[in-house]
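S.K.: File follows, data_29.cif with mmCIF, C-alpha atoms and all ligand atoms:
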```cif
data_work
#
loop_
_atom_site.label_atom_id
_atom_site.label_comp_id
_atom_site.auth_asym_id
_atom_site.auth_seq_id
_atom_site.Cartn_x
_atom_site.Cartn_y
_atom_site.Cartn_z
CA MET A 154 145.22 65.65 35.66
CA LYS A 155 142.36 68.03 36.05
CA ILE A 156 139.81 69.00 33.42
CA GLY A 157 137.37 71.65 34.54
CA GLY A 158 138.56 71.00 38.09
CA VAL A 159 137.70 67.26 37.91
CA HIS A 160 140.51 64.70 38.33
CA TYR A 161 140.88 62.13 35.53
CA ARG A 162 143.34 59.52 34.41
CA SER A 163 143.88 59.24 30.65
CA ILE A 164 142.94 55.55 30.81
CA ALA A 165 140.80 53.68 33.34
CA LEU A 166 138.47 50.73 33.68
CA ASN A 167 134.76 51.47 33.47
CA ASP A 168 132.43 50.63 36.35
CA ASP A 169 131.74 47.22 34.76
CA GLY A 170 135.29 46.30 35.85
CA TRP A 171 136.50 45.09 32.44
CA SER A 172 135.91 47.55 29.58
CA VAL A 173 138.40 50.37 29.14
CA ARG A 174 137.81 54.11 29.00
CA ILE A 175 140.08 56.47 27.10
CA PHE A 176 139.65 60.00 25.78
CA ASP A 177 139.14 60.31 22.05
CA GLN A 178 142.11 62.60 21.51
CA ARG A 179 141.08 63.23 17.89
CA LYS A 180 138.21 65.33 19.23
CA LEU A 181 140.19 67.45 21.70
CA PRO A 182 140.13 70.31 22.55
CA TRP A 183 136.77 70.91 20.91
CA ASP A 184 134.92 68.00 22.53
CA LEU A 185 135.75 65.96 25.61
CA VAL A 186 134.56 62.50 24.61
CA HIS A 187 135.29 59.12 26.17
CA VAL A 188 135.57 55.97 24.07
CA LYS A 189 134.76 52.55 25.53
CA LEU A 190 137.16 49.85 24.32
CA VAL A 191 135.57 46.40 24.45
CA ASP A 192 137.80 44.09 22.44
CA LEU A 193 141.26 43.59 20.96
CA GLU A 194 140.32 45.08 17.59
CA MET A 195 139.08 48.31 19.16
CA ALA A 196 142.19 48.63 21.32
CA ALA A 197 144.45 48.08 18.29
CA THR A 198 142.50 50.62 16.22
CA ALA A 199 142.59 53.14 19.07
CA ILE A 200 146.39 52.99 18.98
CA SER A 201 146.98 52.77 15.21
CA GLU A 202 144.45 55.50 14.35
CA MET A 203 145.61 57.64 17.27
CA TRP A 204 142.39 57.92 19.21
CA THR A 205 145.00 57.75 21.94
CA ARG A 206 148.73 58.32 21.57
CA GLY A 207 152.01 59.15 23.28
CA ALA A 208 154.48 56.40 24.16
CA PRO A 209 153.34 55.59 27.74
CA MET A 210 149.64 55.78 26.83
CA ILE A 211 150.22 53.47 23.87
CA SER A 212 151.74 50.97 26.30
CA ALA A 213 148.89 51.28 28.81
CA THR A 214 146.27 50.86 26.07
CA ALA A 215 148.11 47.84 24.68
CA ALA A 216 148.26 46.26 28.15
CA TYR A 217 144.49 46.55 28.48
CA GLY A 218 144.15 45.44 24.85
CA MET A 219 145.74 42.14 25.92
CA CYS A 220 143.19 41.85 28.74
CA LEU A 221 140.29 42.44 26.35
CA ALA A 222 141.68 39.84 23.94
CA LEU A 223 142.07 37.21 26.67
CA ARG A 224 138.58 37.92 27.94
CA GLY A 225 137.29 36.73 24.56
CA ASP A 226 139.63 33.73 24.38
CA ALA A 227 142.37 33.00 26.92
CA SER A 228 144.13 30.35 24.81
CA ASP A 229 147.87 30.44 24.02
CA GLU A 230 147.04 30.95 20.33
CA ASN A 231 144.93 34.01 21.05
CA LEU A 232 147.56 35.37 23.42
CA GLU A 233 150.11 35.16 20.61
CA HIS A 234 147.63 36.72 18.17
CA ALA A 235 146.92 39.61 20.57
CA TYR A 236 150.65 40.26 21.05
CA LYS A 237 151.27 40.37 17.30
CA THR A 238 148.19 42.49 16.57
CA LEU A 239 149.02 45.10 19.19
CA HIS A 240 152.73 45.11 18.39
CA ALA A 241 151.93 45.93 14.76
CA THR A 242 149.88 49.03 15.64
CA ARG A 243 152.72 51.58 15.79
CA PRO A 244 156.42 50.87 15.21
CA THR A 245 158.41 53.60 16.91
CA ALA A 246 157.63 53.82 20.64
CA ILE A 247 159.53 51.07 22.46
CA ASN A 248 157.14 51.35 25.42
CA LEU A 249 154.64 49.31 23.38
CA ARG A 250 156.92 46.26 23.19
CA TRP A 251 157.92 46.75 26.82
CA ALA A 252 154.29 46.61 27.99
CA LEU A 253 153.43 43.63 25.80
CA ASP A 254 156.44 41.71 27.13
CA GLU A 255 155.42 42.60 30.68
CA MET A 256 151.93 41.26 29.99
CA MET A 257 153.25 38.03 28.44
CA ALA A 258 155.46 37.41 31.48
CA ALA A 259 152.54 38.07 33.83
CA VAL A 260 150.07 35.65 32.19
CA LYS A 261 152.19 32.85 30.72
CA ASP A 262 151.97 30.55 33.77
CA PHE A 263 148.18 30.82 34.02
CA GLN A 264 145.24 29.47 32.02
CA GLY A 265 141.55 30.37 31.63
CA ASP A 266 140.02 32.76 34.18
CA ASP A 267 143.23 32.89 36.19
CA ARG A 268 145.05 34.13 33.10
CA ILE A 269 142.46 36.86 32.55
CA ALA A 270 142.71 37.91 36.20
CA ALA A 271 146.52 38.00 35.99
CA ALA A 272 146.30 40.14 32.87
CA TYR A 273 143.99 42.72 34.43
CA LYS A 274 146.18 42.79 37.53
CA ARG A 275 149.36 43.52 35.57
CA ALA A 276 147.65 46.08 33.29
CA GLY A 277 146.39 47.91 36.36
CA GLU A 278 149.87 47.85 37.86
CA ILE A 279 151.42 49.18 34.64
CA CYS A 280 149.02 52.13 34.81
CA ASP A 281 149.66 52.78 38.51
CA GLU A 282 153.42 52.50 37.94
CA ASP A 283 153.18 55.01 35.09
CA VAL A 284 151.49 57.52 37.38
CA GLU A 285 154.21 57.08 39.99
CA ILE A 286 156.96 57.27 37.36
CA ASN A 287 155.63 60.54 36.01
CA ARG A 288 155.23 62.00 39.49
CA ASN A 289 158.88 61.16 40.11
CA ILE A 290 159.97 62.65 36.77
CA GLY A 291 158.39 65.84 38.11
CA LEU A 292 160.35 65.57 41.35
CA SER A 293 163.57 64.97 39.38
CA GLY A 294 163.00 67.95 37.11
CA LEU A 295 161.72 70.45 39.67
CA PRO A 296 165.15 71.29 41.19
CA LEU A 297 166.47 71.99 37.68
CA LEU A 298 163.65 74.40 36.90
CA ARG A 299 164.01 75.98 40.34
CA LYS A 300 167.75 76.51 39.84
CA MET A 301 167.28 77.95 36.35
CA SER A 302 164.63 80.31 37.69
CA GLN A 303 166.94 81.41 40.53
CA ASP A 304 169.77 81.95 38.03
CA LYS A 305 167.40 84.32 36.19
CA GLY A 306 166.67 86.19 39.40
CA GLY A 307 163.11 84.85 39.43
CA LYS A 308 162.28 86.39 36.04
CA THR A 309 159.94 84.32 33.86
CA LEU A 310 161.51 81.01 32.85
CA ASN A 311 160.68 80.31 29.19
CA ILE A 312 160.42 76.64 28.25
CA LEU A 313 159.93 75.43 24.67
CA THR A 314 158.24 72.08 24.05
CA HIS A 315 157.31 70.06 20.98
CA CYS A 316 154.39 67.67 20.41
CA ASN A 317 152.48 66.40 23.45
CA ALA A 318 154.27 64.66 26.28
CA GLY A 319 151.75 65.77 28.84
CA TRP A 320 149.12 63.89 30.81
CA LEU A 321 147.17 62.85 27.73
CA ALA A 322 150.27 60.98 26.55
CA THR A 323 150.64 59.16 29.88
CA VAL A 324 148.24 57.78 32.48
CA ASP A 325 148.64 60.95 34.56
CA TYR A 326 150.97 63.94 35.12
CA GLY A 327 152.85 63.61 31.79
CA THR A 328 156.62 63.45 31.39
CA ILE A 329 157.49 67.01 30.40
CA SER A 330 154.45 68.48 32.11
CA SER A 331 155.05 66.89 35.51
CA PRO A 332 158.03 69.14 36.40
CA ILE A 333 156.30 72.09 34.73
CA TYR A 334 153.14 71.67 36.84
CA MET A 335 155.17 71.17 40.00
CA ALA A 336 157.26 74.26 39.30
CA HIS A 337 154.16 76.31 38.50
CA ASP A 338 152.41 75.05 41.65
CA ALA A 339 155.54 75.92 43.68
CA GLY A 340 155.22 79.53 42.56
CA ILE A 341 158.04 79.50 40.00
CA ASP A 342 157.28 82.06 37.30
CA LEU A 343 157.32 80.16 34.01
CA HIS A 344 155.89 80.29 30.54
CA VAL A 345 155.76 77.57 27.87
CA TRP A 346 156.28 78.07 24.14
CA VAL A 347 154.15 75.33 22.58
CA ASP A 348 155.20 74.21 19.08
CA GLU A 349 151.99 73.63 17.10
CA THR A 350 153.57 70.33 15.86
CA ARG A 351 152.39 69.84 12.33
CA PRO A 352 151.02 67.72 10.79
CA ARG A 353 148.70 66.51 13.56
CA ASN A 354 149.06 69.58 15.78
CA GLN A 355 149.47 67.72 19.06
CA GLY A 356 151.05 70.88 20.51
CA ALA A 357 148.35 73.35 19.47
CA LEU A 358 145.48 70.98 20.21
CA LEU A 359 146.60 68.88 23.19
CA THR A 360 149.57 70.44 25.03
CA ALA A 361 148.01 73.89 24.94
CA TYR A 362 144.74 72.43 26.24
CA GLU A 363 146.46 70.67 29.13
CA LEU A 364 148.46 73.76 30.12
CA GLN A 365 145.33 75.88 29.92
CA GLN A 366 143.47 73.45 32.20
CA HIS A 367 146.29 73.65 34.75
CA GLY A 368 146.55 77.44 34.46
CA VAL A 369 150.14 77.44 33.17
CA PRO A 370 150.98 80.52 31.05
CA HIS A 371 151.74 79.42 27.50
CA THR A 372 151.80 80.59 23.89
CA VAL A 373 151.33 78.43 20.78
CA ILE A 374 153.92 79.11 18.09
CA ALA A 375 154.37 77.96 14.51
CA ASP A 376 156.87 75.10 14.35
CA ASN A 377 159.31 77.34 12.49
CA ALA A 378 159.37 80.05 15.17
CA GLY A 379 161.54 78.25 17.75
CA GLY A 380 164.94 79.06 16.22
CA HIS A 381 164.12 82.75 15.96
CA LEU A 382 162.91 82.86 19.58
CA MET A 383 166.13 81.20 20.71
CA GLN A 384 168.19 83.80 18.83
CA GLN A 385 166.19 86.52 20.59
CA GLY A 386 166.99 85.01 24.02
CA GLU A 387 163.33 84.12 24.54
CA VAL A 388 163.92 80.42 25.33
CA ASP A 389 165.72 79.32 28.52
CA LEU A 390 165.42 75.60 27.93
CA CYS A 391 163.81 73.07 25.61
CA LEU A 392 162.00 70.17 27.24
CA VAL A 393 160.58 67.38 25.07
CA GLY A 394 159.40 63.80 25.42
CA THR A 395 160.59 60.75 23.52
CA ASP A 396 159.38 57.49 22.01
CA ARG A 397 162.70 55.68 22.27
CA VAL A 398 166.21 56.41 23.50
CA THR A 399 168.99 54.10 22.40
CA ARG A 400 172.06 52.96 24.39
CA ASN A 401 174.20 55.77 22.98
CA GLY A 402 171.62 58.37 24.07
CA ASP A 403 170.11 59.17 20.66
CA VAL A 404 166.53 60.38 21.05
CA CYS A 405 163.62 59.55 18.78
CA ASN A 406 160.70 61.95 19.09
CA LYS A 407 158.02 63.64 17.03
CA ILE A 408 159.18 64.97 13.67
CA GLY A 409 160.72 68.42 14.09
CA THR A 410 162.41 67.73 17.43
CA TYR A 411 165.83 67.43 15.75
CA LEU A 412 165.57 70.92 14.22
CA LYS A 413 164.81 72.38 17.65
CA ALA A 414 167.82 70.58 19.11
CA LEU A 415 170.08 71.99 16.37
CA ALA A 416 168.82 75.50 16.99
CA ALA A 417 169.22 75.02 20.75
CA LYS A 418 172.85 73.91 20.32
CA ASP A 419 173.61 76.92 18.12
CA ASN A 420 172.13 79.25 20.72
CA ASN A 421 173.48 77.58 23.89
CA VAL A 422 169.97 76.71 25.04
CA PRO A 423 169.92 73.54 27.21
CA PHE A 424 167.98 70.71 25.57
CA TYR A 425 166.41 68.23 28.02
CA ILE A 426 164.44 65.04 27.43
CA ALA A 427 161.84 63.86 29.96
CA LEU A 428 161.31 60.11 29.90
CA PRO A 429 160.41 57.02 31.90
CA TYR A 430 162.93 54.16 32.01
CA PRO A 431 160.70 51.89 29.82
CA THR A 432 161.47 54.31 26.96
CA ILE A 433 165.15 53.36 27.00
CA ASP A 434 165.87 50.59 24.51
CA TYR A 435 168.98 48.93 25.88
CA SER A 436 168.90 46.40 23.04
CA MET A 437 169.47 49.05 20.37
CA GLU A 438 172.85 50.73 19.97
CA SER A 439 171.98 53.94 18.09
CA GLY A 440 169.10 56.01 16.76
CA ASP A 441 169.62 55.21 13.07
CA LEU A 442 168.29 51.69 13.80
CA ILE A 443 164.92 52.88 15.14
CA PRO A 444 161.98 52.21 12.81
CA ILE A 445 160.47 55.57 11.86
CA GLU A 446 156.73 55.46 11.36
CA GLY A 447 155.49 56.77 8.01
CA ARG A 448 151.92 57.95 8.33
CA SER A 449 149.23 58.84 5.84
CA ALA A 450 149.92 61.77 3.47
CA ARG A 451 146.42 62.97 4.29
CA GLU A 452 147.67 64.17 7.69
CA VAL A 453 149.82 66.67 5.75
CA THR A 454 147.48 67.53 2.88
CA HIS A 455 144.50 68.18 5.17
CA MET A 456 143.94 70.02 8.43
CA THR A 457 141.08 69.80 10.90
CA GLY A 458 139.85 72.70 12.98
CA LEU A 459 136.89 74.65 14.21
CA ALA A 460 135.22 76.48 11.33
CA GLU A 461 134.21 79.68 13.05
CA GLN A 462 131.34 80.42 10.67
CA SER A 463 129.57 77.07 11.06
CA GLY A 464 130.78 76.47 14.62
CA LYS A 465 131.59 72.90 13.52
CA VAL A 466 134.85 70.96 13.47
CA GLU A 467 135.71 70.54 9.80
CA GLU A 468 138.50 69.15 7.65
CA PHE A 469 140.18 71.33 5.01
CA LYS A 470 142.47 70.45 2.14
CA ILE A 471 145.50 72.75 2.23
CA THR A 472 147.50 71.76 -0.87
CA LEU A 473 146.93 70.55 -4.41
CA SER A 474 150.02 68.35 -4.25
CA ASP A 475 151.00 64.97 -2.85
CA ALA A 476 152.78 64.80 0.49
CA SER A 477 155.17 62.67 2.53
CA ASN A 478 154.74 62.16 6.26
CA PRO A 479 157.61 60.74 8.34
CA ALA A 480 156.26 60.98 11.90
CA PHE A 481 159.47 60.92 13.98
CA ASP A 482 163.09 62.00 13.77
CA ILE A 483 166.32 61.29 15.63
CA THR A 484 168.11 63.84 17.77
CA PRO A 485 171.74 62.72 18.20
CA ALA A 486 172.94 62.36 21.80
CA ARG A 487 175.53 65.12 21.28
CA LEU A 488 172.67 67.66 21.11
CA VAL A 489 171.08 66.52 24.38
CA THR A 490 171.96 68.22 27.69
CA GLY A 491 170.30 65.67 29.98
CA TYR A 492 167.59 63.04 30.43
CA ILE A 493 165.06 63.72 33.20
CA THR A 494 163.90 60.34 34.51
CA GLU A 495 162.02 59.02 37.53
CA ARG A 496 165.39 58.15 39.12
CA GLY A 497 167.07 61.51 38.57
CA ILE A 498 168.63 63.46 35.71
CA LEU A 499 171.03 61.46 33.57
CA ALA A 500 173.97 62.89 31.64
CA LYS A 501 174.16 59.57 29.76
CA VAL A 502 171.70 56.66 29.67
CA CYS A 503 174.58 54.12 29.60
CA ASP A 504 178.12 54.47 30.88
CA GLY A 505 179.45 52.77 27.74
CA THR A 506 180.43 49.45 29.30
CA SER A 507 177.25 48.46 31.16
CA ASP A 508 173.56 49.45 31.28
CA ASN A 509 174.36 51.74 34.21
CA PRO A 510 173.48 55.40 33.61
CA VAL A 511 175.67 58.40 34.43
CA PHE A 512 173.74 60.79 36.70
CA MET A 513 174.03 64.56 36.56
CA ASP A 514 174.86 66.30 39.79
CA MET A 515 171.36 67.56 40.57
CA PRO A 516 169.49 66.95 43.85
CA LEU A 517 166.14 65.13 43.83
CA GLU A 518 163.13 66.88 45.30
CA LYS A 519 162.02 65.54 48.68
CA GLY A 520 159.71 62.55 48.26
CA ALA A 521 161.31 61.30 45.03
CA ALA A 522 161.93 57.57 44.54
O1 LIG B 601 152.67 60.38 17.33
P1 LIG B 601 152.47 60.64 18.79
O2 LIG B 601 151.51 61.76 19.05
O3 LIG B 601 152.15 59.38 19.56
O4 LIG B 601 153.90 61.15 19.27
C1 LIG B 601 154.08 61.44 20.63
C2 LIG B 601 155.43 61.95 20.94
O5 LIG B 601 156.27 62.12 20.08
C3 LIG B 601 155.74 62.18 22.39
O6 LIG B 601 156.65 63.23 22.55
C4 LIG B 601 156.34 60.90 23.00
O7 LIG B 601 155.53 59.80 22.73
C5 LIG B 601 156.51 61.03 24.47
S1 LIG B 601 154.96 61.00 25.36
C6 LIG B 601 155.33 61.11 27.02
#
```
What does this structure look like when you write it as structure tokens?
M.R.:
Amino acid sequence: MKIGGVHYRSIALNDDGWSVRIFDQRKLPWDLVHVKLVDLEMAATAISEMWTRGAPMISATAAYGMCLALRGDASDENLEHAYKTLHATRPTAINLRWALDEMMAAVKDFQGDDRIAAAYKRAGEICDEDVEINRNIGLSGLPLLRKMSQDKGGKTLNILTHCNAGWLATVDYGTISSPIYMAHDAGIDLHVWVDETRPRNQGALLTAYELQQHGVPHTVIADNAGGHLMQQGEVDLCLVGTDRVTRNGDVCNKIGTYLKALAAKDNNVPFYIALPYPTIDYSMESGDLIPIEGRSAREVTHMTGLAEQSGKVEEFKITLSDASNPAFDITPARLVTGYITERGILAKVCDGTSDNPVFMDMPLEKGAA
């Protein structure tokens, strides 16, 4: 990803070779600030308080959180403690458990300094793999966007997205943004409708910022505008990320995704999910079993933004009442057109009898895995 023309990853080791650098996403887009994570507690807080967020970035941060924990104490007891602490940070994204299990497997046969070295090695690999996965999601999705653009005679392809599944939510590229960037860079005329994504506004604050940095035409819309735009023929496809997909293809994503999928179905707008394989939970049959995170009511009762008069970022109370804040919802598989993965576009994540997926008939771009 590029910010001001400079290439960054969303997570990296500092020059000291052990502490971890992430962006403080709570401050974006107003301030570009790095945070240095130095121990397990900081890594866990960074995830639970959403200094960083998005399913793949949660997993990458947790992997390095394990490294930081072991650096302080590489014993079996502390390893167990670190796993439990990090696992408890956020309940919905399955990528978190996936990464923690990967880390456990990588370090269990080692002790002391060798265990710490094995942890850093695997965490680094998880980050590198995420970059490659997202690049390949782009190569899987590009032919779809190209075909849809051709079907429109090259007229502007309008894509609607919800929340942030861009490079800030991954180590690099992003899931939904990877095919969008590739299509834009290939000269395909496209435009993105960015749902603001209340209550935390990941769309207005983060996705819009990323698209702006890459020069992709986009417009922020109120969350309620999507259905109307679809009725007006202003949306050619919806493309969203996910925190967990179950065996039957149900999709858990940021609250509000389901309503967009319903509107898309009613208006014959294709509804695609972009995801890495670690987001598929083969152990869970259907979406109703996924734990839905309930977050603080304050995220609904208050909003943060730039106060134009003072020039400062300030928090405002926007209601006199109490609020409820379920953070995710489930989009049933029947509303999903396809799943854009690093291995190709799936019509179904499981064929019903085994873990084998059913692929859609769509070519991969040259260079894909
Ligand atoms: O609560 P968040 O901001 O972590 O929610 C993020 C999302 O819902 C994303 O769409 C999802 O994690 C996919 S990120 C590639």
S.K.: Using all atoms listed in the file, pick whichever of A:Ser463, A:Thr360, A:Gln264, A:Thr328 has the shortest atom-to-atom distance to ligand LIG 601 (chain B).
M.R.: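 Of A:Ser463, A:Thr360, A:Gln264, A:Thr328, the one nearest ligand LIG 601 (chain B) is A:Thr328, counting all atoms listed in the file.
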S.K.: List all protein, DNA and RNA residues that have an atom no more than 8 Å from any atom of ligand LIG 601 (chain B), counting only C-alpha atoms and all ligand atoms, and report them as an NGL selection string.
M.R.: :A and (203 or 205-211 or 246 or 315-320 or 322-323 or 327-329 or 353 or 355 or 393-396 or 405-408 or 427-428 or 480-481)
S.K.: Could you tell me how far atom CA of Asp441 of chain A lies from atom CA of Gly497 of chain A, in Å and to one decimal?
M.R.: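 Result for atom CA of Asp441 of chain A versus atom CA of Gly497 of chain A: 26.4 Å, one decimal.
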S.K.: Is it possible to get the residues within 6 Å of (157.1, 74.0, 30.6) (coordinates as in the file, counting all atoms listed in the file) written as a list of chain:residue names?
M.R.: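 Returned residue set, sorted by chain then number, is A:Ile312, A:Ile333, A:Val345.
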S.K.: Once 4 Å is added on each side, what centre and edge lengths in Å to one decimal does the axis-aligned box around all listed atoms of segment 391-406 of chain A have, as lines of an AutoDock Vina configuration file?
M.R.:
```
center_x = 166.8
center_y = 63.0
center_z = 23.0
size_x = 22.8
size_y = 28.1
size_z = 16.5
```
S.K.: Once you count all atoms listed in the file, which residues end up no further than 9 Å from (140.1, 51.3, 25.6) in the file's frame, shown as a list in words?
M.R.: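 With a cut-off of 9 Å, the residues come to Ile164, Ala165, Leu166, Ser172, Val173, Arg174, Ile175, Phe176, Val188, Lys189, Leu190, Val191, Asp192, Met195, Ala196, Ala199, Thr205, Thr214, Ala215, Tyr217, Gly218 and Leu221 of chain A.
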S.K.: Do a neighbour search on segment 269-284 of chain A at 6 Å with all atoms listed in the file, toss out local chain neighbours closer than 2 positions, and write the hits as a list in words.
M.R.: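 Near neighbours after the sequence-gap exclusion: Ala216, Tyr217, Cys220, Leu223, Val260, Asp266, Asp267, Ile286, Asn287, Val324 and Asp325 of chain A.
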S.K.: Would you mind listing what lies within 10 Å of Thr372 of chain A as a list in words, with only C-alpha atoms counted and same-chain residues fewer than 2 positions away left out?
M.R.: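 My list of contacting residues is Leu313, His344, Val345, Trp346, Val347, Asp348, Glu349, Ala357, Ala361, Leu364, Val369, Pro370 and Ile374 of chain A.
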S.K.: Excluding Ala339 of chain A and any residue of its chain fewer than 6 positions from it, enumerate the residues within 12 Å of it, using all atoms listed in the file, and give them as an MDAnalysis selection string.
M.R.: chainID A and resid 291:292 295:296 298:299 302 332:333 369 518
S.K.: Pick out the closest residue to Asp338 of chain A from this set: A:Tyr161, A:Leu185, A:His367, A:His455. Count all atoms listed in the file.
M.R.: A:His367
S.K.: How many Å separate atom CA of Ile341 of chain A from atom CA of His160 of chain A?
M.R.: 23.0 Å
S.K.: Looking at all atoms listed in the file, which of A:Pro485, A:Gly447, A:Gly464, A:Gly505 is the one that sits closest to Lys413 of chain A?
M.R.: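 Closest candidate: A:Pro485.
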